[in-house]
There are 2 protein chains.
Amino acid sequence: MSRQMHLGLFLLGTGSHTAGWRYPGALDSFVDFAAIQKIGQIAERGLFDLIFMGDNLNADPKAHPSYTLRLEPLTMLAALATSTRHVGLGATVSTTYSDPFTVARAFASLDFISGGRAAWNAVTTSNPVIGANFGTVHPDHARRYEMAGEFVDVVKQLWDGWADDAVVADRKSGLYIDPQKVRAIDHEGEFFKVKGPLNISRAPQGHPVVLQAGGSEAGLQMAAKSADVAFSVVQDIDEARASYADLKKRLPSFGRRPEDVTVLPGVMPVVGRTDKEARDKLNELQGYIGDGKAMAVLAERLGQDFSGYDLDAPVPEMDLPDTYHAFTRVLLSKARREKMTLRDLYSLTAAARGHWVICGSPETIANTLQEWFETRAADGFNIMPPYFHEGFEDFVDGVVPILQERGLFRRQYEGSTLREHLGLARPQRS
Amino acid sequence: MSRQMHLGLFLLGTGSHTAGWRYPGALDSFVDFAAIQKIGQIAERGLFDLIFMGDNLNADPKAHPSYTLRLEPLTMLAALATSTRHVGLGATVSTTYSDPFTVARAFASLDFISGGRAAWNAVTTSNPVIGANFGTVHPDHARRYEMAGEFVDVVKQLWDGWADDAVVADRKSGLYIDPQKVRAIDHEGEFFKVKGPLNISRAPQGHPVVLQAGGSEAGLQMAAKSADVAFSVVQDIDEARASYADLKKRLPSFGRRPEDVTVLPGVMPVVGRTDKEARDKLNELQGYIGDGKAMAVLAERLGQDFSGYDLDAPVPEMDLPDTYHAFTRVLLSKARREKMTLRDLYSLTAAARGHWVICGSPETIANTLQEWFETRAADGFNIMPPYFHEGFEDFVDGVVPILQERGLFRRQYEGSTLREHLGLARPQRS
C-alpha cells in the first residue's frame, strides 16, 4: 500500500479558533463531557488516528477561554476511552510540573483502559507564570529540556520494568507475579531519583505512544530521540518541508529510521461548500475576535507586548534566540516574507492561536493537504477545527471522503492500537 | 424518614481477601477494565453510595498482588464514570506524593465528567519505602499530617476560586468569563505555595466529597476538620462505638455538626446461603493463603517482623505510639482481648488485610450490620468483597434486599450527586 496520511484531532473545549465559541450554533462549554463524547464519535466516523488534548497549567480569566478553562486531560481521555473503540487518546502532561512515576503509571493505566490507545504529549511548559501554581520558580528553557530528556527516559524505563509475561496468576500454586520478571530501575539522575518498579504491569502497547511538539533545537533533538509523533507549527510549505527534512535526518544518529516519527503539522481548516463560503465563514469568525483579545494572544505567542505600537506599520524587527517558541519563529518569518503589518499578524495569530489556517471547499482543502503530504512537508495533519461540532463535521464529512477516494487515507481502521494506526512496532522490553 | 445506612464498595482489583483471586471462578486480573465496568454495574444494582478505590504507590512483586498491581485510581474512575450513572466515585491520592493544584484540578474534572459524583480519599501514605519512587525521604507521621492539613485546605480554596456563575459565555458581547468572579488564592503556607486560580470552573458538587481514613490522633483531627466521609478500621463493636462517638464529638469544635461526617467501617462480608456454607467458604479462602504471605501481610500491617517467633504462643506485647496505623492498634487490641496466638492473628490479618470479617447467611450479616448501625458503631459500611464478581453479588443480591425490607437502606437513588446520596449540602463558595 502506498504511504498513508495520518490524522489527529487537536481538541480544545470550544474549538481552536480564538472566537469559535461565538459562531452561531457552536459549542460554548469547556466542561460538558457529553459534548466531548460526541466529538469522539465524529473523530471515529472520520477514522482519525488520534484525539489529542492540549493543556495549560494556569488560568487567566482575562485571556482567551481556551487558555483558561478545560477538563483535565488524563481524566477526560480515560472517560472518552470507554465511549470510543478505535481512536488514539493523547493527553498532555508537563515534564516540568509532574513526576516520572506518576506519569508512567497514569499512561500505562490509560493504555489498559483503552485497549492500547494511550499517547502522552510530553511538554516542558513554556509560560513562566505557571511556576507560581506549583510553588517553584519556572526553570529556563535549557534546563526544562534537560529535565524533559531525563524524565522521558525514566518513564520508558518504568514502562519496561515488568516483562510482558510477569503476571502468572496461577491459582494452583498461589503464584500471582513471577518476581524474576519484574525489576526496579534504580534511576539516579541529575533531576530525578526513581527506584521502581511501577505498580502496574506492562502496557498493551509496551510503551504508550510519545508525542512531542517542541520546535526549538532542544525540542527537535528530544523528538528525534524519543518521540513517535511530532506536532509541528507551520505557516509555509517550503519552511515546513525544510523542518520535516531536518527532523527526519536527525533520527539515524539515535539509531532510528525516518519513518519512526510521524510529523503532523497543526492546521485549522475552515470548510465551506465553496471557497467563497469558506472565506465568508473565516471572515465572520475573525469578526468575533476583539482587538484586545487578539493583541493578548499575539503577546502570548511572541513573548512580547506590542501595545502602543502602530498597528498599520510593518511588524517591528525582533531578535530571536533559538530557544524561542516555534510559534514566534514561524509567525515572524511569515510576517517578514509577506510584509505584514502588526494588524495582519495579530489577526493571523488570533485565528488559530498561531497555527496555520486553510480555508476553502473540501476539494480545495484536500488539494492543499495532498500537496503538503506528497511533497514531504507532513506525514499527516493535526486537525484543529475552528469550533465544534459542525466545524469538525465539515472536515470529516467533506474532506476525509476526498482523501479516501484519492487513496491517501484509510477506509477503515485496520489495527486496534494507536501504534498499529501509526504503523509503529510494539517496543520490545529493553 | 428514619436514619438511612450508607454503603461504599472498597475496590481492589481482585477483591479484598488476600487470596480471593484463587477462589474458583473469581476475577484474577487487576487491569481488566471490562471486569471493573461489571463491578460498577453490580454496585449500582445494589444502590451503593460510592465505589472507593484504595491505592498504594509502590510494587513489591513478592507481596500480595493487591499491594503491587492495579489501574491508577483517577483514570480508572474517570473511565468508570461513563458506564455508571448514579454511584459515587472515590479515588485515593496521596497528599505526600502529589501537589494541591494537580489534585484540585483532577477531582474537579472528575466531578464534571461524572455529573457530581467525585470523591477524593486524601491519604498521607504510611509506607516509608515509597519515598524512593519520588526521589524524596518519606516524611515522618507528624509532618505528613501537617502537610496533609495544609494540602486539603489549599485544595478547598482552589475549588472556591471560581464563583458558580463565573462562566458567562455571552456570544453577543464576547465575554466568556467574568473576571470579577474568579480569584487567585495566593496561598503561601509552610509546605505549599499556590497562586491559583484553578484552570477549571467550580465543580458540580462545589467541593467534591473528601474521604479520610486515618485512625491516629492526627488523622482523627483531620477527619473532624475536613472530611465528609471517614473510613474506619474496626474489629469490635464496643471499640467501634467508642471511636464513632469520639470522632463525632470532635466536630463541633470545627463548627461542624455530627452528621456532617459519615462513618463507614471497612468490612469483608463472606456470604453463604447458610451460616455453615459461609464458614466453609471462609475456610476455603483462608486455606489459599500461604503462611509466608500471611506473615508478610501481618508485618506490613503491624510494622514489625515476627519471623522467628513461636506461632502458637500468645501474641507478644508491643508498645504503640499513637502515631501507629489504626490497623496496629485495632488488631493488637483484639489479639489481647481474645488471647490470640500469632497464628490466629496472622490468619485474621491476612483474610482482609486487617479489616473486620463477617461471615454468615444474608440474614446473619444483615443482623450484624443493623446492630452496628443502630447502636452507632457506624453510619454504614465500606463493603470489601472477598473476591469478584460473585463475592460481591452475594452481598448485593442477598444482604441489600433484607436491609431494604427493614427500612434501613434506600430502594432507589433519590439524588444525582454523591453529596445528595450522603445527605450532605453543597458547600457555599467561601
# chains A, B, ... in the order shown; residues from 1 in each chain; ligands from 1
>>> residues_around(residues="segment 411-422 of chain A", least_positions_apart="5", cutoff="6 Å", atoms="only C-alpha atoms", output="PDB file with all heavy atoms, in the first residue's frame")
ATOM      1  N   ASP A  49      -6.651   8.853  13.486  1.00  0.00           N
ATOM      2  CA  ASP A  49      -5.685   8.092  14.266  1.00  0.00           C
ATOM      3  C   ASP A  49      -5.810   8.412  15.751  1.00  0.00           C
ATOM      4  O   ASP A  49      -5.646   7.538  16.601  1.00  0.00           O
ATOM      5  CB  ASP A  49      -4.244   8.445  13.845  1.00  0.00           C
ATOM      6  CG  ASP A  49      -3.926   8.015  12.430  1.00  0.00           C
ATOM      7  OD1 ASP A  49      -4.443   8.641  11.474  1.00  0.00           O
ATOM      8  OD2 ASP A  49      -3.178   7.027  12.274  1.00  0.00           O
ATOM      9  N   GLY A  88      -6.978   6.793  18.891  1.00  0.00           N
ATOM     10  CA  GLY A  88      -5.969   7.015  19.913  1.00  0.00           C
ATOM     11  C   GLY A  88      -6.326   8.192  20.799  1.00  0.00           C
ATOM     12  O   GLY A  88      -7.078   9.086  20.403  1.00  0.00           O
ATOM     13  N   GLY A 116      -4.920  -0.163  24.524  1.00  0.00           N
ATOM     14  CA  GLY A 116      -3.744   0.135  23.699  1.00  0.00           C
ATOM     15  C   GLY A 116      -3.875   1.377  22.846  1.00  0.00           C
ATOM     16  O   GLY A 116      -3.343   1.447  21.744  1.00  0.00           O
ATOM     17  N   ARG A 117      -4.540   2.405  23.357  1.00  0.00           N
ATOM     18  CA  ARG A 117      -4.735   3.616  22.558  1.00  0.00           C
ATOM     19  C   ARG A 117      -4.153   4.871  23.213  1.00  0.00           C
ATOM     20  O   ARG A 117      -4.435   5.990  22.780  1.00  0.00           O
ATOM     21  CB  ARG A 117      -6.230   3.792  22.274  1.00  0.00           C
ATOM     22  CG  ARG A 117      -6.795   2.649  21.430  1.00  0.00           C
ATOM     23  CD  ARG A 117      -8.248   2.879  21.041  1.00  0.00           C
ATOM     24  NE  ARG A 117      -9.177   2.646  22.132  1.00  0.00           N
ATOM     25  CZ  ARG A 117     -10.197   3.433  22.449  1.00  0.00           C
ATOM     26  NH1 ARG A 117     -10.396   4.560  21.793  1.00  0.00           N
ATOM     27  NH2 ARG A 117     -11.010   3.105  23.435  1.00  0.00           N
TER      28      ARG A 117
END
>>> residues_around(residues="Ser114 of chain B", least_positions_apart="2", cutoff="9 Å", atoms="only C-alpha atoms", output="list in words")
Phe33 of chain A; Ala78, Leu80, Ala81, Thr82, Thr84, Arg85, His86, Gly88, Leu89, Ser109, Leu110, Asp111, Phe112, Gly116, Arg117, Ala118 and Thr417 of chain B
>>> select_by_dssp(residues="segment 104-156 of chain B", states="alpha helix (DSSP H)", output="list in words")
Ala104, Arg105, Ala106, Phe107, Ala108, Ser109, Leu110, Asp111, Phe112, Ile113, His141, Ala142, Arg143, Arg144, Tyr145, Glu146, Met147, Ala148, Gly149, Glu150, Phe151, Val152, Asp153, Val154, Val155 and Lys156 of chain B
>>> write_last_selection(atoms="C-alpha atoms", output="PDB file, in the first residue's frame")
ATOM      1  CA  ALA B 104      -7.830  20.040  42.966  1.00  0.00           C
ATOM      2  CA  ARG B 105      -7.961  20.141  39.191  1.00  0.00           C
ATOM      3  CA  ALA B 106      -8.229  16.383  38.635  1.00  0.00           C
ATOM      4  CA  PHE B 107     -11.090  15.948  41.097  1.00  0.00           C
ATOM      5  CA  ALA B 108     -12.967  18.961  39.731  1.00  0.00           C
ATOM      6  CA  SER B 109     -12.577  17.384  36.290  1.00  0.00           C
ATOM      7  CA  LEU B 110     -13.826  14.010  37.549  1.00  0.00           C
ATOM      8  CA  ASP B 111     -16.748  15.815  39.153  1.00  0.00           C
ATOM      9  CA  PHE B 112     -17.731  17.374  35.810  1.00  0.00           C
ATOM     10  CA  ILE B 113     -17.254  14.124  33.906  1.00  0.00           C
ATOM     11  CA  HIS B 141       3.949  10.791  60.660  1.00  0.00           C
ATOM     12  CA  ALA B 142       3.557  14.199  62.294  1.00  0.00           C
ATOM     13  CA  ARG B 143       4.995  16.047  59.342  1.00  0.00           C
ATOM     14  CA  ARG B 144       2.853  14.086  56.858  1.00  0.00           C
ATOM     15  CA  TYR B 145      -0.280  15.108  58.739  1.00  0.00           C
ATOM     16  CA  GLU B 146       0.814  18.728  58.923  1.00  0.00           C
ATOM     17  CA  MET B 147       1.362  18.638  55.161  1.00  0.00           C
ATOM     18  CA  ALA B 148      -1.978  16.925  54.628  1.00  0.00           C
ATOM     19  CA  GLY B 149      -3.877  19.508  56.657  1.00  0.00           C
ATOM     20  CA  GLU B 150      -2.443  22.358  54.619  1.00  0.00           C
ATOM     21  CA  PHE B 151      -2.857  20.392  51.371  1.00  0.00           C
ATOM     22  CA  VAL B 152      -6.580  19.759  51.894  1.00  0.00           C
ATOM     23  CA  ASP B 153      -7.108  23.372  52.887  1.00  0.00           C
ATOM     24  CA  VAL B 154      -5.419  24.603  49.698  1.00  0.00           C
ATOM     25  CA  VAL B 155      -7.435  22.215  47.538  1.00  0.00           C
ATOM     26  CA  LYS B 156     -10.673  23.527  49.032  1.00  0.00           C
TER      27      LYS B 156
END
>>> residues_around(residues="Gly161 of chain A", least_positions_apart="4", cutoff="7 Å", atoms="only C-alpha atoms", output="PyMOL selection string")
chain A and resi 157+182-185+197-198
>>> select_by_dssp(residues="segment 236-304 of chain B", states="strand (DSSP E)", output="PyMOL selection string")
chain B and resi 262-271
>>> closest_atom_pairs(of="chain B", to="chain A", cutoff="7 Å", atoms="only C-alpha atoms", output="JSON lines")
{"residue": "B:Arg22", "atom": "CA", "partner": "A:Arg171", "partner_atom": "CA", "distance": 4.7}
{"residue": "B:Asp28", "atom": "CA", "partner": "A:Ala169", "partner_atom": "CA", "distance": 6.7}
{"residue": "B:Val31", "atom": "CA", "partner": "A:Phe112", "partner_atom": "CA", "distance": 6.5}
{"residue": "B:Phe33", "atom": "CA", "partner": "A:Ile113", "partner_atom": "CA", "distance": 5.6}
{"residue": "B:Leu57", "atom": "CA", "partner": "A:Asn199", "partner_atom": "CA", "distance": 6.8}
{"residue": "B:Asn58", "atom": "CA", "partner": "A:Asn199", "partner_atom": "CA", "distance": 5.5}
{"residue": "B:Ala59", "atom": "CA", "partner": "A:Asn199", "partner_atom": "CA", "distance": 4.7}
{"residue": "B:Pro61", "atom": "CA", "partner": "A:Pro179", "partner_atom": "CA", "distance": 5.2}
{"residue": "B:Lys62", "atom": "CA", "partner": "A:Pro179", "partner_atom": "CA", "distance": 6.2}
{"residue": "B:Pro65", "atom": "CA", "partner": "A:Tyr176", "partner_atom": "CA", "distance": 6.6}
{"residue": "B:Thr68", "atom": "CA", "partner": "A:Asn199", "partner_atom": "CA", "distance": 5.3}
{"residue": "B:Leu69", "atom": "CA", "partner": "A:Ile200", "partner_atom": "CA", "distance": 4.8}
{"residue": "B:Arg70", "atom": "CA", "partner": "A:Ile200", "partner_atom": "CA", "distance": 5.5}
{"residue": "B:Leu71", "atom": "CA", "partner": "A:Ser109", "partner_atom": "CA", "distance": 5.1}
{"residue": "B:Glu72", "atom": "CA", "partner": "A:Ser109", "partner_atom": "CA", "distance": 5.7}
{"residue": "B:Leu74", "atom": "CA", "partner": "A:Thr75", "partner_atom": "CA", "distance": 6.5}
{"residue": "B:Thr75", "atom": "CA", "partner": "A:Thr75", "partner_atom": "CA", "distance": 5.3}
{"residue": "B:Ala78", "atom": "CA", "partner": "A:Ala79", "partner_atom": "CA", "distance": 4.9}
{"residue": "B:Ala79", "atom": "CA", "partner": "A:Ala79", "partner_atom": "CA", "distance": 4.0}
{"residue": "B:Ala81", "atom": "CA", "partner": "A:Ala79", "partner_atom": "CA", "distance": 6.8}
{"residue": "B:Thr82", "atom": "CA", "partner": "A:Ala79", "partner_atom": "CA", "distance": 6.1}
{"residue": "B:Phe101", "atom": "CA", "partner": "A:Asn133", "partner_atom": "CA", "distance": 6.5}
{"residue": "B:Arg105", "atom": "CA", "partner": "A:Glu72", "partner_atom": "CA", "distance": 6.7}
{"residue": "B:Ala106", "atom": "CA", "partner": "A:Glu72", "partner_atom": "CA", "distance": 5.8}
{"residue": "B:Ser109", "atom": "CA", "partner": "A:Leu71", "partner_atom": "CA", "distance": 5.1}
{"residue": "B:Leu110", "atom": "CA", "partner": "A:Thr75", "partner_atom": "CA", "distance": 6.4}
{"residue": "B:Phe112", "atom": "CA", "partner": "A:Val31", "partner_atom": "CA", "distance": 6.5}
{"residue": "B:Ile113", "atom": "CA", "partner": "A:Phe33", "partner_atom": "CA", "distance": 5.5}
{"residue": "B:Ala132", "atom": "CA", "partner": "A:Lys195", "partner_atom": "CA", "distance": 5.5}
{"residue": "B:Asn133", "atom": "CA", "partner": "A:Val194", "partner_atom": "CA", "distance": 4.5}
{"residue": "B:Phe134", "atom": "CA", "partner": "A:Val194", "partner_atom": "CA", "distance": 5.8}
{"residue": "B:Gly135", "atom": "CA", "partner": "A:Lys193", "partner_atom": "CA", "distance": 4.3}
{"residue": "B:Ala169", "atom": "CA", "partner": "A:Asp28", "partner_atom": "CA", "distance": 6.7}
{"residue": "B:Arg171", "atom": "CA", "partner": "A:Arg22", "partner_atom": "CA", "distance": 4.7}
{"residue": "B:Gly174", "atom": "CA", "partner": "A:Arg22", "partner_atom": "CA", "distance": 7.0}
{"residue": "B:Tyr176", "atom": "CA", "partner": "A:Pro65", "partner_atom": "CA", "distance": 6.7}
{"residue": "B:Ile177", "atom": "CA", "partner": "A:Pro61", "partner_atom": "CA", "distance": 6.0}
{"residue": "B:Pro179", "atom": "CA", "partner": "A:Pro61", "partner_atom": "CA", "distance": 5.2}
{"residue": "B:Val182", "atom": "CA", "partner": "A:Pro61", "partner_atom": "CA", "distance": 7.0}
{"residue": "B:Phe192", "atom": "CA", "partner": "A:Gly135", "partner_atom": "CA", "distance": 6.2}
{"residue": "B:Lys193", "atom": "CA", "partner": "A:Gly135", "partner_atom": "CA", "distance": 4.3}
{"residue": "B:Val194", "atom": "CA", "partner": "A:Asn133", "partner_atom": "CA", "distance": 4.5}
{"residue": "B:Lys195", "atom": "CA", "partner": "A:Asn133", "partner_atom": "CA", "distance": 5.0}
{"residue": "B:Gly196", "atom": "CA", "partner": "A:Asn133", "partner_atom": "CA", "distance": 5.8}
{"residue": "B:Pro197", "atom": "CA", "partner": "A:Ala59", "partner_atom": "CA", "distance": 6.1}
{"residue": "B:Leu198", "atom": "CA", "partner": "A:Ala59", "partner_atom": "CA", "distance": 6.2}
{"residue": "B:Asn199", "atom": "CA", "partner": "A:Ala59", "partner_atom": "CA", "distance": 4.6}
{"residue": "B:Ile200", "atom": "CA", "partner": "A:Leu69", "partner_atom": "CA", "distance": 4.8}
{"residue": "B:Ser201", "atom": "CA", "partner": "A:Leu69", "partner_atom": "CA", "distance": 6.8}
>>> atom_distance(atom1="atom CA of Leu12 of chain A", atom2="atom CA of Asp379 of chain A")
22.3 Å
